[in-house]
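This report refers to the structure that appears directly beneath it.
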Amino acid sequence: MEDVLLIDDDVELCSMLTEYLGKNGFRVKTVHRGDSGLKAAQQRPWALILLDVMLPGMDGFEVLKRIRAESPVNVLLLTARGEDVDRIVGLEIGADDYLPKPFNPRELLARMRAVLRRHNVQPAPEAVVLRVQDLELDPAARQVIQSGKKLDLTDIEFGLLEALMRSPGKVVNRDELSETVLGRKFDPFDRSLDMHVSRLRRKLAQEDQVKTIRGIGYQLAVNRNYAGSEG
């Protein structure tokens with residue numbers, strides 16, 4: 001069973017999710033305050049953290065900021081339905097995904113499994129190191145180095161960069177990226193993909209290394225004389 005930390009002040013919801021997720025392969029610890037939830041998050045490794053935005057003691061955004069300052073642990077944010085600003089802010093801070101309340105437990109389970117699939121993906125035995133100009137990505141070590149400096153990327157950011165580095169200079173469409181990296185079909189009203197790309201850009205040496213091709217997708221920019229290399 002995988003260990004999940006649920007930080008939410010809705011005691012009834014926590015009880016229901018603990019039972020439901022327990023039947024589906026997850027061992028759940030619940031905490032009902034933001035400050036104590038942060039302490040629990042820091043005390044041990046978790047497969048996934050489910051984090052509500054509205055919490056007593058410390059709001060979910062502040063909890064997420066502090067978690068991200070020291071850990072790449074997977075975080076799925078629980079937000080109020082209709083609060084698009086909360087979702088955008090959460091993704092900008094570093095949430096891996098979000099789900100608006102109220103939600104169907106099956107949808108939550110599907111989102112959790114999608115997040116964990118990205119985290120647990122195993123590279124093929126013949127996986128090679130990808131090199132594109134000043135970027136080096138090692139799928140086996142889950143490591144990215146740019147100009148000798150290691151980049152601290154979340155699983156989603158790593159997956160996005162890997163997909164773009166496998167097709168340097170070419171446009172990778174949003175549908176493909178959403179299916180491959182987020183584990184779901186692309187929804188034009190879902191800003192998740194854009195927010196994750198935005199965070200990836202800020203971590204690269206130059207933000208314009210990942211270009212937006214309006215209405216189509218994204219492209220890893222390369223010099224005209226780039227021939228490509230790997231291994």
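Each chain of the structure tokens is named A, B, ... in the order shown, its residues numbered from 1; ligands are numbered from 1 in display order.
Contact shell of Arg191 (chain A) at 12 Å (only C-alpha atoms; same-chain neighbours under 2 positions omitted): Asp84, Val85, Asp86, Arg87, Ile88, Val89, Gly90, Leu91, Glu92, Asp97, Tyr98, Arg174, Ser178, Leu182, Phe186, Asp187, Pro188, Phe189, Leu193, Asp194, Met195, His196, Val197 and Ser198 of chain A.
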(request) Considering only C-alpha atoms, return as a ChimeraX atom specification whatever protein or nucleic-acid residues lie within 10 Å of Tyr218 (chain A), sequence-local ones (same chain, fewer than 5 positions apart) excluded. (result) /A:160,164,169-174,177,194,197,210-213
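Ranking A:Ala221, A:Ala95, A:Ile67, A:Val4 by their shortest atom-to-atom distance to Leu109 (chain A), with only C-alpha atoms included, puts A:Val4 first.
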Could you pull out the alpha helix (DSSP H) residues of region 13-94 of chain A, going by DSSP on the backbone, and write them as a compact mmCIF listing (two decimals) with N, CA and C atoms, in the first residue's frame?
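The resulting file, result_36.txt, is reproduced below:
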# COMPACT_ATOMS: atom_id res chain seq x y z
N LEU A 13 -15.44 14.22 5.28
CA LEU A 13 -14.82 13.89 4.00
C LEU A 13 -13.57 13.04 4.20
N CYS A 14 -12.77 13.41 5.18
CA CYS A 14 -11.54 12.66 5.46
C CYS A 14 -11.85 11.21 5.84
N SER A 15 -12.88 11.02 6.63
CA SER A 15 -13.27 9.68 7.04
C SER A 15 -13.70 8.85 5.84
N MET A 16 -14.51 9.46 4.97
CA MET A 16 -15.00 8.76 3.79
C MET A 16 -13.85 8.40 2.86
N LEU A 17 -12.93 9.35 2.63
CA LEU A 17 -11.81 9.11 1.72
C LEU A 17 -10.83 8.09 2.29
N THR A 18 -10.64 8.11 3.60
CA THR A 18 -9.75 7.13 4.23
C THR A 18 -10.25 5.71 3.98
N GLU A 19 -11.56 5.53 4.11
CA GLU A 19 -12.15 4.21 3.87
C GLU A 19 -12.09 3.84 2.40
N TYR A 20 -12.48 4.78 1.53
CA TYR A 20 -12.52 4.49 0.09
C TYR A 20 -11.12 4.23 -0.47
N LEU A 21 -10.18 5.09 -0.15
CA LEU A 21 -8.83 4.92 -0.67
C LEU A 21 -8.15 3.70 -0.07
N GLY A 22 -8.52 3.38 1.18
CA GLY A 22 -7.97 2.19 1.82
C GLY A 22 -8.34 0.92 1.09
N GLY A 34 -3.58 23.29 8.72
CA GLY A 34 -2.47 23.52 7.82
C GLY A 34 -1.12 23.42 8.49
N ASP A 35 -0.98 24.01 9.69
CA ASP A 35 0.32 24.00 10.36
C ASP A 35 0.73 22.59 10.77
N SER A 36 -0.20 21.82 11.33
CA SER A 36 0.13 20.45 11.71
C SER A 36 0.28 19.56 10.48
N GLY A 37 -0.43 19.91 9.39
CA GLY A 37 -0.27 19.17 8.14
C GLY A 37 1.13 19.35 7.58
N LEU A 38 1.66 20.56 7.66
CA LEU A 38 3.01 20.82 7.19
C LEU A 38 4.02 19.99 7.98
N LYS A 39 3.84 19.93 9.29
CA LYS A 39 4.75 19.12 10.12
C LYS A 39 4.69 17.66 9.72
N ALA A 40 3.49 17.16 9.48
CA ALA A 40 3.34 15.76 9.07
C ALA A 40 4.02 15.51 7.72
N ALA A 41 3.90 16.49 6.82
CA ALA A 41 4.52 16.36 5.50
C ALA A 41 6.04 16.30 5.60
N GLN A 42 6.59 16.98 6.59
CA GLN A 42 8.04 17.06 6.74
C GLN A 42 8.63 15.89 7.52
N GLN A 43 7.79 15.15 8.23
CA GLN A 43 8.28 14.12 9.12
C GLN A 43 8.69 12.82 8.43
N GLY A 60 -3.64 26.41 2.53
CA GLY A 60 -2.99 25.40 1.71
C GLY A 60 -1.89 25.95 0.83
N PHE A 61 -2.02 27.20 0.36
CA PHE A 61 -0.98 27.79 -0.48
C PHE A 61 0.33 27.92 0.28
N GLU A 62 0.23 28.39 1.53
CA GLU A 62 1.46 28.55 2.34
C GLU A 62 2.07 27.19 2.65
N VAL A 63 1.22 26.20 2.93
CA VAL A 63 1.71 24.84 3.18
C VAL A 63 2.45 24.33 1.94
N LEU A 64 1.85 24.55 0.77
CA LEU A 64 2.47 24.09 -0.48
C LEU A 64 3.80 24.80 -0.73
N LYS A 65 3.85 26.10 -0.51
CA LYS A 65 5.11 26.84 -0.68
C LYS A 65 6.22 26.24 0.16
N ARG A 66 5.91 25.95 1.41
CA ARG A 66 6.94 25.44 2.32
C ARG A 66 7.34 24.01 1.98
N ILE A 67 6.37 23.22 1.52
CA ILE A 67 6.70 21.86 1.08
C ILE A 67 7.62 21.93 -0.13
N ARG A 68 7.28 22.78 -1.10
CA ARG A 68 8.06 22.87 -2.33
C ARG A 68 9.46 23.42 -2.10
N ASP A 84 -11.18 29.52 -10.13
CA ASP A 84 -10.10 29.34 -11.09
C ASP A 84 -8.79 29.95 -10.61
N VAL A 85 -8.89 31.07 -9.90
CA VAL A 85 -7.68 31.74 -9.41
C VAL A 85 -6.92 30.82 -8.46
N ASP A 86 -7.65 30.11 -7.60
CA ASP A 86 -7.00 29.17 -6.67
C ASP A 86 -6.22 28.11 -7.43
N ARG A 87 -6.79 27.61 -8.50
CA ARG A 87 -6.13 26.54 -9.27
C ARG A 87 -4.87 27.06 -9.94
N ILE A 88 -4.99 28.25 -10.53
CA ILE A 88 -3.83 28.83 -11.21
C ILE A 88 -2.72 29.12 -10.22
N VAL A 89 -3.06 29.73 -9.08
CA VAL A 89 -2.06 30.03 -8.06
C VAL A 89 -1.41 28.74 -7.56
N GLY A 90 -2.24 27.72 -7.30
CA GLY A 90 -1.71 26.45 -6.82
C GLY A 90 -0.74 25.81 -7.78
N LEU A 91 -1.06 25.84 -9.07
CA LEU A 91 -0.17 25.27 -10.08
C LEU A 91 1.10 26.09 -10.21
N GLU A 92 0.99 27.42 -10.08
CA GLU A 92 2.18 28.27 -10.15
C GLU A 92 3.12 28.01 -8.99
N ILE A 93 2.55 27.75 -7.82
CA ILE A 93 3.37 27.47 -6.64
C ILE A 93 4.05 26.12 -6.76
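In the backbone-derived DSSP annotation, strand (DSSP E or B) within region 61-172 of chain A comprises A:Val75, A:Leu76, A:Leu77, A:Leu78, A:Thr79, A:Ala80, A:Asp97, A:Tyr98, A:Leu99, A:Pro100, A:Lys101, A:Leu130, A:Arg131, A:Val132, A:Leu135, A:Glu136, A:Leu137, A:Asp138, A:Gln143, A:Val144, A:Ile145, A:Gln146, A:Lys149, A:Lys150, A:Leu151, A:Val171, A:Val172.
Between CA of Asp134 (chain A) and CA of Thr180 (chain A) the separation is 24.4 Å.
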(request) Quick one: everything within 7 Å of Lys101 (chain A), counting only C-alpha atoms, minus sequence neighbours fewer than 2 positions away in the same chain. Send it as a ChimeraX atom specification. (result) /A:78-81,99,103
(request) May I ask for the distance between CA of Ile156 (chain A) and CA of Arg106 (chain A), given in Å to one decimal place? (result) 21.9 Å
(request) Find, counting only C-alpha atoms, the residue in A:Gly57, A:Arg184, A:Asp8, A:Val31 that gets nearest to Glu107 (chain A). (result) A:Arg184
